[in-house]
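A.B. asks: The structure's right below; bear with me while I get my questions together.
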Amino acid sequence: MKSLVVYYSRSGKTEDIAGIIAKKLGSEIEEIDDHKNRKGLLGFISSGNEAYLQRAIPIEKLKKDPAQYELIIVGTPIWAGNMSTPILSFLKEYKEKINKFAFFSTCLGSDLNKILLYMEHIIPQKPIAVMNINYQAFKKQYHVKMVEEFINSIKKDVKGW
Ligand SMILES: Cc1cc2nc3c(=O)[nH]c(=O)nc-3n(C[C@H](O)[C@H](O)[C@H](O)COP(=O)(O)O)c2cc1C
């Protein structure tokens, strides 16, 4: 099974989880590059504002071709209750090249329902597995178990894993 983890991370949490998933599944991995400095208060405000408006932004062309993978695992932080704009832009631009996909997010405490509903308008495929890791889960180390369950549900859905 050829799989690719595609993620965006502003402060490292989503990146950590993306790395663990890629290692456990033997996936390749690619970070979305939007050439934006999102550090500091200004970066926080502009990121929140973009996400609130669900505005697609320019992103660097991926080095890997998603169409060459049977499964794409997409990871994003939650911003203003929505997926981050680099990942929104990735899904919009690459939806035709995505076969199956699984989706995960990291956040402080938001839930995924609104994001999953909005996702239906962006990409016709439904994610085969979803996971949302919040601050409490990180603090209590529940994320380890959550990642295991996420991976198990991916493996159940994909024959030959
Ligand atoms: C601009 C911005 C907006 C955010 N909005 C939310 C939010 O609406 N709900 C939430 O639970 N967390 C929110 N967060 C917190 C992040 O989702 C959380 O810290 C996430 O784990 C960060 O992932 P990263 O380290 O990969 O960037 C926000 C963070 C930023 C920077």
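Residues are referred to by chain and number: the chain letter is A, B, ... according to the order shown in the structure tokens, the number counts from 1 in that chain, and ligands are numbered separately from 1 in the order shown.
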Counting only C-alpha atoms and all ligand atoms, which protein, DNA or RNA residues come within 6 Å of ligand 1, given as an MDAnalysis selection string?
C.D. replies: chainID A and resid 9:15 44:45 47:48 77:81 106:110
A.B. asks: Determine which residues of chain A DSSP labels as strand (DSSP E) from the backbone of this structure, then write them out as a ChimeraX atom specification.
C.D. replies: /A:3-7,28-31,71-79,82-83,100-106,130-133
A.B. asks: Take the residues from that selection and write them out as a PDB file, in the first residue's frame, keeping N, CA and C atoms.
C.D. replies:
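And here is the file that came out, out_26.pdb:
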```pdb
ATOM      1  N   SER A   3       1.238   5.012   0.517  1.00  0.00           N
ATOM      2  CA  SER A   3       0.480   6.079   1.181  1.00  0.00           C
ATOM      3  C   SER A   3       1.379   7.291   1.435  1.00  0.00           C
ATOM      4  N   LEU A   4       0.705   8.441   1.517  1.00  0.00           N
ATOM      5  CA  LEU A   4       1.417   9.708   1.698  1.00  0.00           C
ATOM      6  C   LEU A   4       0.710  10.520   2.778  1.00  0.00           C
ATOM      7  N   VAL A   5       1.472  10.982   3.753  1.00  0.00           N
ATOM      8  CA  VAL A   5       0.923  11.901   4.758  1.00  0.00           C
ATOM      9  C   VAL A   5       1.208  13.322   4.286  1.00  0.00           C
ATOM     10  N   VAL A   6       0.152  14.115   4.136  1.00  0.00           N
ATOM     11  CA  VAL A   6       0.282  15.520   3.747  1.00  0.00           C
ATOM     12  C   VAL A   6      -0.225  16.352   4.920  1.00  0.00           C
ATOM     13  N   TYR A   7       0.586  17.288   5.402  1.00  0.00           N
ATOM     14  CA  TYR A   7       0.158  18.022   6.589  1.00  0.00           C
ATOM     15  C   TYR A   7       0.610  19.467   6.523  1.00  0.00           C
ATOM     16  N   GLU A  28       5.129   7.807   3.016  1.00  0.00           N
ATOM     17  CA  GLU A  28       5.958   8.967   2.712  1.00  0.00           C
ATOM     18  C   GLU A  28       5.260  10.185   3.324  1.00  0.00           C
ATOM     19  N   ILE A  29       5.968  11.280   3.382  1.00  0.00           N
ATOM     20  CA  ILE A  29       5.389  12.435   4.094  1.00  0.00           C
ATOM     21  C   ILE A  29       5.757  13.730   3.374  1.00  0.00           C
ATOM     22  N   GLU A  30       4.844  14.667   3.344  1.00  0.00           N
ATOM     23  CA  GLU A  30       5.142  15.975   2.740  1.00  0.00           C
ATOM     24  C   GLU A  30       4.398  17.082   3.478  1.00  0.00           C
ATOM     25  N   GLU A  31       5.138  18.134   3.774  1.00  0.00           N
ATOM     26  CA  GLU A  31       4.538  19.290   4.451  1.00  0.00           C
ATOM     27  C   GLU A  31       4.097  20.313   3.413  1.00  0.00           C
ATOM     28  N   LEU A  71      -3.514   5.987  -0.883  1.00  0.00           N
ATOM     29  CA  LEU A  71      -4.114   6.657   0.279  1.00  0.00           C
ATOM     30  C   LEU A  71      -3.320   7.914   0.643  1.00  0.00           C
ATOM     31  N   ILE A  72      -4.053   9.005   0.868  1.00  0.00           N
ATOM     32  CA  ILE A  72      -3.438  10.239   1.371  1.00  0.00           C
ATOM     33  C   ILE A  72      -3.983  10.473   2.782  1.00  0.00           C
ATOM     34  N   ILE A  73      -3.098  10.694   3.718  1.00  0.00           N
ATOM     35  CA  ILE A  73      -3.528  11.011   5.083  1.00  0.00           C
ATOM     36  C   ILE A  73      -3.271  12.495   5.294  1.00  0.00           C
ATOM     37  N   VAL A  74      -4.344  13.240   5.533  1.00  0.00           N
ATOM     38  CA  VAL A  74      -4.260  14.703   5.568  1.00  0.00           C
ATOM     39  C   VAL A  74      -4.331  15.186   7.016  1.00  0.00           C
ATOM     40  N   GLY A  75      -3.381  16.019   7.418  1.00  0.00           N
ATOM     41  CA  GLY A  75      -3.372  16.505   8.804  1.00  0.00           C
ATOM     42  C   GLY A  75      -3.314  18.019   8.880  1.00  0.00           C
ATOM     43  N   THR A  76      -4.121  18.590   9.769  1.00  0.00           N
ATOM     44  CA  THR A  76      -4.202  20.058   9.888  1.00  0.00           C
ATOM     45  C   THR A  76      -4.438  20.487  11.332  1.00  0.00           C
ATOM     46  N   PRO A  77      -3.947  21.652  11.710  1.00  0.00           N
ATOM     47  CA  PRO A  77      -4.457  22.239  12.954  1.00  0.00           C
ATOM     48  C   PRO A  77      -5.842  22.835  12.698  1.00  0.00           C
ATOM     49  N   ILE A  78      -6.647  22.976  13.741  1.00  0.00           N
ATOM     50  CA  ILE A  78      -7.921  23.693  13.597  1.00  0.00           C
ATOM     51  C   ILE A  78      -7.659  25.166  13.886  1.00  0.00           C
ATOM     52  N   TRP A  79      -8.117  26.002  12.964  1.00  0.00           N
ATOM     53  CA  TRP A  79      -8.014  27.451  13.128  1.00  0.00           C
ATOM     54  C   TRP A  79      -9.417  28.050  13.040  1.00  0.00           C
ATOM     55  N   ASN A  82     -12.189  25.993  11.894  1.00  0.00           N
ATOM     56  CA  ASN A  82     -12.101  25.430  10.534  1.00  0.00           C
ATOM     57  C   ASN A  82     -10.757  24.744  10.326  1.00  0.00           C
ATOM     58  N   MET A  83     -10.631  24.050   9.203  1.00  0.00           N
ATOM     59  CA  MET A  83      -9.314  23.504   8.870  1.00  0.00           C
ATOM     60  C   MET A  83      -8.385  24.674   8.499  1.00  0.00           C
ATOM     61  N   LYS A 100      -8.172   7.501  -2.118  1.00  0.00           N
ATOM     62  CA  LYS A 100      -8.764   7.459  -0.779  1.00  0.00           C
ATOM     63  C   LYS A 100      -8.036   8.470   0.094  1.00  0.00           C
ATOM     64  N   PHE A 101      -8.742   9.015   1.093  1.00  0.00           N
ATOM     65  CA  PHE A 101      -8.016   9.817   2.075  1.00  0.00           C
ATOM     66  C   PHE A 101      -8.557   9.629   3.483  1.00  0.00           C
ATOM     67  N   ALA A 102      -7.658   9.834   4.449  1.00  0.00           N
ATOM     68  CA  ALA A 102      -8.025   9.859   5.864  1.00  0.00           C
ATOM     69  C   ALA A 102      -7.663  11.246   6.373  1.00  0.00           C
ATOM     70  N   PHE A 103      -8.307  11.689   7.441  1.00  0.00           N
ATOM     71  CA  PHE A 103      -8.162  13.078   7.863  1.00  0.00           C
ATOM     72  C   PHE A 103      -7.951  13.164   9.366  1.00  0.00           C
ATOM     73  N   PHE A 104      -6.970  13.950   9.780  1.00  0.00           N
ATOM     74  CA  PHE A 104      -6.848  14.195  11.216  1.00  0.00           C
ATOM     75  C   PHE A 104      -6.520  15.663  11.488  1.00  0.00           C
ATOM     76  N   SER A 105      -6.866  16.066  12.717  1.00  0.00           N
ATOM     77  CA  SER A 105      -6.594  17.442  13.115  1.00  0.00           C
ATOM     78  C   SER A 105      -6.068  17.456  14.535  1.00  0.00           C
ATOM     79  N   THR A 106      -5.399  18.566  14.879  1.00  0.00           N
ATOM     80  CA  THR A 106      -5.055  18.824  16.268  1.00  0.00           C
ATOM     81  C   THR A 106      -5.642  20.184  16.624  1.00  0.00           C
ATOM     82  N   VAL A 130     -11.224   9.322  10.568  1.00  0.00           N
ATOM     83  CA  VAL A 130     -10.981  10.683  11.055  1.00  0.00           C
ATOM     84  C   VAL A 130     -10.494  10.639  12.503  1.00  0.00           C
ATOM     85  N   MET A 131      -9.738  11.643  12.874  1.00  0.00           N
ATOM     86  CA  MET A 131      -9.244  11.739  14.256  1.00  0.00           C
ATOM     87  C   MET A 131      -9.023  13.209  14.565  1.00  0.00           C
ATOM     88  N   ASN A 132      -9.399  13.617  15.771  1.00  0.00           N
ATOM     89  CA  ASN A 132      -9.172  14.998  16.211  1.00  0.00           C
ATOM     90  C   ASN A 132      -8.572  14.953  17.610  1.00  0.00           C
ATOM     91  N   ILE A 133      -7.327  15.378  17.727  1.00  0.00           N
ATOM     92  CA  ILE A 133      -6.640  15.309  19.022  1.00  0.00           C
ATOM     93  C   ILE A 133      -6.636  16.695  19.661  1.00  0.00           C
TER      94      ILE A 133
END
```
A.B. asks: Enter the distance from CA of Arg55 (chain A) to CA of Glu120 (chain A), in Å, rounded to one decimal.
C.D. replies: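 So the answer is 16.3 Å.
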A.B. asks: Which is closer to His35 (chain A) than all the others in A:Leu53, A:Ala129, A:Ile21, A:Ile59, using only C-alpha atoms?
C.D. replies: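 So, comparing all the options, the nearest one is A:Ile59.
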A.B. asks: Taking the DSSP secondary structure from the backbone, can you list the residues of region 25-159 of chain A that are alpha helix (DSSP H), as a PDB file with N, CA and C atoms, in the first residue's frame?
C.D. replies:
```pdb
ATOM      1  N   LEU A  25       2.808   3.644   9.581  1.00  0.00           N
ATOM      2  CA  LEU A  25       2.219   3.089   8.348  1.00  0.00           C
ATOM      3  C   LEU A  25       3.254   2.877   7.243  1.00  0.00           C
ATOM      4  N   GLY A  40       4.198  34.567  15.640  1.00  0.00           N
ATOM      5  CA  GLY A  40       3.851  35.743  16.438  1.00  0.00           C
ATOM      6  C   GLY A  40       2.376  36.095  16.391  1.00  0.00           C
ATOM      7  N   LEU A  41       2.070  37.235  17.011  1.00  0.00           N
ATOM      8  CA  LEU A  41       0.675  37.655  17.130  1.00  0.00           C
ATOM      9  C   LEU A  41       0.056  37.971  15.765  1.00  0.00           C
ATOM     10  N   LEU A  42       0.870  38.647  14.915  1.00  0.00           N
ATOM     11  CA  LEU A  42       0.345  38.999  13.583  1.00  0.00           C
ATOM     12  C   LEU A  42       0.024  37.748  12.772  1.00  0.00           C
ATOM     13  N   GLY A  43       0.934  36.762  12.863  1.00  0.00           N
ATOM     14  CA  GLY A  43       0.718  35.494  12.164  1.00  0.00           C
ATOM     15  C   GLY A  43      -0.500  34.780  12.685  1.00  0.00           C
ATOM     16  N   PHE A  44      -0.693  34.835  13.987  1.00  0.00           N
ATOM     17  CA  PHE A  44      -1.861  34.212  14.603  1.00  0.00           C
ATOM     18  C   PHE A  44      -3.143  34.871  14.088  1.00  0.00           C
ATOM     19  N   ILE A  45      -3.145  36.211  14.100  1.00  0.00           N
ATOM     20  CA  ILE A  45      -4.361  36.937  13.694  1.00  0.00           C
ATOM     21  C   ILE A  45      -4.670  36.702  12.217  1.00  0.00           C
ATOM     22  N   SER A  46      -3.641  36.790  11.373  1.00  0.00           N
ATOM     23  CA  SER A  46      -3.923  36.629   9.932  1.00  0.00           C
ATOM     24  C   SER A  46      -4.347  35.190   9.624  1.00  0.00           C
ATOM     25  N   SER A  47      -3.760  34.223  10.325  1.00  0.00           N
ATOM     26  CA  SER A  47      -4.147  32.824  10.095  1.00  0.00           C
ATOM     27  C   SER A  47      -5.597  32.596  10.521  1.00  0.00           C
ATOM     28  N   GLY A  48      -5.934  33.157  11.692  1.00  0.00           N
ATOM     29  CA  GLY A  48      -7.308  32.998  12.202  1.00  0.00           C
ATOM     30  C   GLY A  48      -8.308  33.655  11.259  1.00  0.00           C
ATOM     31  N   ASN A  49      -7.932  34.816  10.760  1.00  0.00           N
ATOM     32  CA  ASN A  49      -8.812  35.554   9.859  1.00  0.00           C
ATOM     33  C   ASN A  49      -9.034  34.809   8.540  1.00  0.00           C
ATOM     34  N   GLU A  50      -7.934  34.327   7.958  1.00  0.00           N
ATOM     35  CA  GLU A  50      -8.027  33.535   6.707  1.00  0.00           C
ATOM     36  C   GLU A  50      -8.925  32.317   6.904  1.00  0.00           C
ATOM     37  N   ALA A  51      -8.708  31.645   8.049  1.00  0.00           N
ATOM     38  CA  ALA A  51      -9.452  30.400   8.289  1.00  0.00           C
ATOM     39  C   ALA A  51     -10.932  30.701   8.519  1.00  0.00           C
ATOM     40  N   TYR A  52     -11.191  31.796   9.222  1.00  0.00           N
ATOM     41  CA  TYR A  52     -12.582  32.195   9.468  1.00  0.00           C
ATOM     42  C   TYR A  52     -13.306  32.423   8.142  1.00  0.00           C
ATOM     43  N   LEU A  53     -12.587  33.046   7.206  1.00  0.00           N
ATOM     44  CA  LEU A  53     -13.186  33.348   5.893  1.00  0.00           C
ATOM     45  C   LEU A  53     -13.107  32.157   4.938  1.00  0.00           C
ATOM     46  N   THR A  85      -5.924  27.063   6.400  1.00  0.00           N
ATOM     47  CA  THR A  85      -6.064  27.425   4.984  1.00  0.00           C
ATOM     48  C   THR A  85      -5.050  26.722   4.065  1.00  0.00           C
ATOM     49  N   PRO A  86      -3.826  26.418   4.528  1.00  0.00           N
ATOM     50  CA  PRO A  86      -2.962  25.644   3.622  1.00  0.00           C
ATOM     51  C   PRO A  86      -3.572  24.277   3.277  1.00  0.00           C
ATOM     52  N   ILE A  87      -4.242  23.648   4.232  1.00  0.00           N
ATOM     53  CA  ILE A  87      -4.848  22.338   3.957  1.00  0.00           C
ATOM     54  C   ILE A  87      -6.147  22.498   3.154  1.00  0.00           C
ATOM     55  N   LEU A  88      -6.898  23.527   3.432  1.00  0.00           N
ATOM     56  CA  LEU A  88      -8.079  23.820   2.608  1.00  0.00           C
ATOM     57  C   LEU A  88      -7.648  23.971   1.143  1.00  0.00           C
ATOM     58  N   SER A  89      -6.572  24.711   0.931  1.00  0.00           N
ATOM     59  CA  SER A  89      -6.078  24.952  -0.428  1.00  0.00           C
ATOM     60  C   SER A  89      -5.586  23.656  -1.060  1.00  0.00           C
ATOM     61  N   PHE A  90      -4.891  22.843  -0.264  1.00  0.00           N
ATOM     62  CA  PHE A  90      -4.430  21.541  -0.777  1.00  0.00           C
ATOM     63  C   PHE A  90      -5.618  20.699  -1.244  1.00  0.00           C
ATOM     64  N   LEU A  91      -6.658  20.585  -0.422  1.00  0.00           N
ATOM     65  CA  LEU A  91      -7.804  19.742  -0.804  1.00  0.00           C
ATOM     66  C   LEU A  91      -8.482  20.288  -2.062  1.00  0.00           C
ATOM     67  N   LYS A  92      -8.614  21.615  -2.113  1.00  0.00           N
ATOM     68  CA  LYS A  92      -9.266  22.210  -3.290  1.00  0.00           C
ATOM     69  C   LYS A  92      -8.451  21.959  -4.562  1.00  0.00           C
ATOM     70  N   GLU A  93      -7.142  22.149  -4.455  1.00  0.00           N
ATOM     71  CA  GLU A  93      -6.296  22.030  -5.648  1.00  0.00           C
ATOM     72  C   GLU A  93      -6.069  20.597  -6.096  1.00  0.00           C
ATOM     73  N   TYR A  94      -6.030  19.690  -5.142  1.00  0.00           N
ATOM     74  CA  TYR A  94      -5.591  18.329  -5.468  1.00  0.00           C
ATOM     75  C   TYR A  94      -6.703  17.297  -5.400  1.00  0.00           C
ATOM     76  N   ASN A 113     -17.090  18.268  13.693  1.00  0.00           N
ATOM     77  CA  ASN A 113     -18.334  18.146  12.912  1.00  0.00           C
ATOM     78  C   ASN A 113     -18.466  19.206  11.817  1.00  0.00           C
ATOM     79  N   LYS A 114     -18.224  20.464  12.211  1.00  0.00           N
ATOM     80  CA  LYS A 114     -18.383  21.559  11.238  1.00  0.00           C
ATOM     81  C   LYS A 114     -17.386  21.394  10.077  1.00  0.00           C
ATOM     82  N   ILE A 115     -16.176  20.972  10.419  1.00  0.00           N
ATOM     83  CA  ILE A 115     -15.149  20.796   9.389  1.00  0.00           C
ATOM     84  C   ILE A 115     -15.531  19.671   8.437  1.00  0.00           C
ATOM     85  N   LEU A 116     -16.051  18.586   8.995  1.00  0.00           N
ATOM     86  CA  LEU A 116     -16.427  17.444   8.140  1.00  0.00           C
ATOM     87  C   LEU A 116     -17.588  17.817   7.217  1.00  0.00           C
ATOM     88  N   LEU A 117     -18.515  18.609   7.739  1.00  0.00           N
ATOM     89  CA  LEU A 117     -19.642  19.055   6.896  1.00  0.00           C
ATOM     90  C   LEU A 117     -19.139  19.942   5.760  1.00  0.00           C
ATOM     91  N   TYR A 118     -18.255  20.877   6.099  1.00  0.00           N
ATOM     92  CA  TYR A 118     -17.725  21.790   5.092  1.00  0.00           C
ATOM     93  C   TYR A 118     -16.909  21.034   4.043  1.00  0.00           C
ATOM     94  N   MET A 119     -16.221  19.998   4.521  1.00  0.00           N
ATOM     95  CA  MET A 119     -15.369  19.202   3.626  1.00  0.00           C
ATOM     96  C   MET A 119     -16.176  18.584   2.481  1.00  0.00           C
ATOM     97  N   GLU A 120     -17.441  18.277   2.766  1.00  0.00           N
ATOM     98  CA  GLU A 120     -18.288  17.677   1.721  1.00  0.00           C
ATOM     99  C   GLU A 120     -18.438  18.602   0.516  1.00  0.00           C
ATOM    100  N   HIS A 121     -18.284  19.911   0.759  1.00  0.00           N
ATOM    101  CA  HIS A 121     -18.402  20.873  -0.356  1.00  0.00           C
ATOM    102  C   HIS A 121     -17.087  21.032  -1.113  1.00  0.00           C
ATOM    103  N   ILE A 122     -16.013  20.556  -0.517  1.00  0.00           N
ATOM    104  CA  ILE A 122     -14.704  20.749  -1.148  1.00  0.00           C
ATOM    105  C   ILE A 122     -14.304  19.533  -1.963  1.00  0.00           C
ATOM    106  N   TYR A 135      -6.240  19.399  23.220  1.00  0.00           N
ATOM    107  CA  TYR A 135      -5.238  19.710  24.243  1.00  0.00           C
ATOM    108  C   TYR A 135      -5.273  18.709  25.402  1.00  0.00           C
ATOM    109  N   GLN A 136      -6.499  18.387  25.850  1.00  0.00           N
ATOM    110  CA  GLN A 136      -6.643  17.448  26.972  1.00  0.00           C
ATOM    111  C   GLN A 136      -6.067  16.080  26.618  1.00  0.00           C
ATOM    112  N   ALA A 137      -6.336  15.647  25.395  1.00  0.00           N
ATOM    113  CA  ALA A 137      -5.839  14.336  24.950  1.00  0.00           C
ATOM    114  C   ALA A 137      -4.302  14.331  24.931  1.00  0.00           C
ATOM    115  N   PHE A 138      -3.727  15.432  24.457  1.00  0.00           N
ATOM    116  CA  PHE A 138      -2.254  15.521  24.471  1.00  0.00           C
ATOM    117  C   PHE A 138      -1.750  15.485  25.910  1.00  0.00           C
ATOM    118  N   LYS A 139      -2.405  16.266  26.775  1.00  0.00           N
ATOM    119  CA  LYS A 139      -1.956  16.405  28.157  1.00  0.00           C
ATOM    120  C   LYS A 139      -2.008  15.057  28.887  1.00  0.00           C
ATOM    121  N   HIS A 143      -3.444  10.676  23.195  1.00  0.00           N
ATOM    122  CA  HIS A 143      -3.226  10.729  21.740  1.00  0.00           C
ATOM    123  C   HIS A 143      -2.546   9.455  21.217  1.00  0.00           C
ATOM    124  N   VAL A 144      -1.776   8.795  22.090  1.00  0.00           N
ATOM    125  CA  VAL A 144      -1.079   7.582  21.650  1.00  0.00           C
ATOM    126  C   VAL A 144      -2.116   6.528  21.231  1.00  0.00           C
ATOM    127  N   LYS A 145      -3.109   6.348  22.114  1.00  0.00           N
ATOM    128  CA  LYS A 145      -4.180   5.385  21.838  1.00  0.00           C
ATOM    129  C   LYS A 145      -5.021   5.834  20.631  1.00  0.00           C
ATOM    130  N   MET A 146      -5.259   7.146  20.550  1.00  0.00           N
ATOM    131  CA  MET A 146      -6.075   7.663  19.439  1.00  0.00           C
ATOM    132  C   MET A 146      -5.391   7.391  18.096  1.00  0.00           C
ATOM    133  N   VAL A 147      -4.086   7.597  18.067  1.00  0.00           N
ATOM    134  CA  VAL A 147      -3.348   7.351  16.820  1.00  0.00           C
ATOM    135  C   VAL A 147      -3.424   5.862  16.463  1.00  0.00           C
ATOM    136  N   GLU A 148      -3.296   5.015  17.474  1.00  0.00           N
ATOM    137  CA  GLU A 148      -3.400   3.559  17.226  1.00  0.00           C
ATOM    138  C   GLU A 148      -4.752   3.214  16.613  1.00  0.00           C
ATOM    139  N   GLU A 149      -5.826   3.768  17.215  1.00  0.00           N
ATOM    140  CA  GLU A 149      -7.172   3.482  16.697  1.00  0.00           C
ATOM    141  C   GLU A 149      -7.365   4.022  15.284  1.00  0.00           C
ATOM    142  N   PHE A 150      -6.834   5.193  15.043  1.00  0.00           N
ATOM    143  CA  PHE A 150      -6.912   5.812  13.712  1.00  0.00           C
ATOM    144  C   PHE A 150      -6.236   4.901  12.683  1.00  0.00           C
ATOM    145  N   ILE A 151      -5.066   4.425  13.041  1.00  0.00           N
ATOM    146  CA  ILE A 151      -4.316   3.557  12.131  1.00  0.00           C
ATOM    147  C   ILE A 151      -5.054   2.230  11.923  1.00  0.00           C
ATOM    148  N   ASN A 152      -5.623   1.699  13.009  1.00  0.00           N
ATOM    149  CA  ASN A 152      -6.384   0.445  12.863  1.00  0.00           C
ATOM    150  C   ASN A 152      -7.580   0.626  11.940  1.00  0.00           C
ATOM    151  N   SER A 153      -8.280   1.748  12.064  1.00  0.00           N
ATOM    152  CA  SER A 153      -9.442   1.906  11.182  1.00  0.00           C
ATOM    153  C   SER A 153      -9.017   2.138   9.732  1.00  0.00           C
ATOM    154  N   ILE A 154      -7.865   2.730   9.516  1.00  0.00           N
ATOM    155  CA  ILE A 154      -7.346   2.851   8.149  1.00  0.00           C
ATOM    156  C   ILE A 154      -7.043   1.449   7.602  1.00  0.00           C
ATOM    157  N   LYS A 155      -6.370   0.672   8.416  1.00  0.00           N
ATOM    158  CA  LYS A 155      -5.960  -0.664   7.954  1.00  0.00           C
ATOM    159  C   LYS A 155      -7.170  -1.550   7.670  1.00  0.00           C
ATOM    160  N   LYS A 156      -8.227  -1.384   8.476  1.00  0.00           N
ATOM    161  CA  LYS A 156      -9.443  -2.175   8.259  1.00  0.00           C
ATOM    162  C   LYS A 156     -10.066  -1.846   6.909  1.00  0.00           C
ATOM    163  N   ASP A 157     -10.013  -0.574   6.543  1.00  0.00           N
ATOM    164  CA  ASP A 157     -10.665  -0.125   5.314  1.00  0.00           C
ATOM    165  C   ASP A 157      -9.863  -0.476   4.060  1.00  0.00           C
TER     166      ASP A 157
END
```
A.B. asks: Taking only C-alpha atoms into account, which of A:Lys36, A:Gln125, A:Ile20, A:Lys2 comes nearest Ala67 (chain A)?
C.D. replies: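 So, comparing all the options, the nearest one is A:Lys2.
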A.B. asks: In Å, with one decimal, what is the gap from CA of Gln141 (chain A) to CA of Asp16 (chain A)?
C.D. replies: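 Between CA of Gln141 (chain A) and CA of Asp16 (chain A) the gap is 13.3 Å.
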A.B. asks: If I take CA of Lys61 (chain A) and CA of Lys39 (chain A), how far is one from the other in Å, to one decimal?
C.D. replies: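 Rounded to one decimal, the two atoms are 22.2 Å apart.
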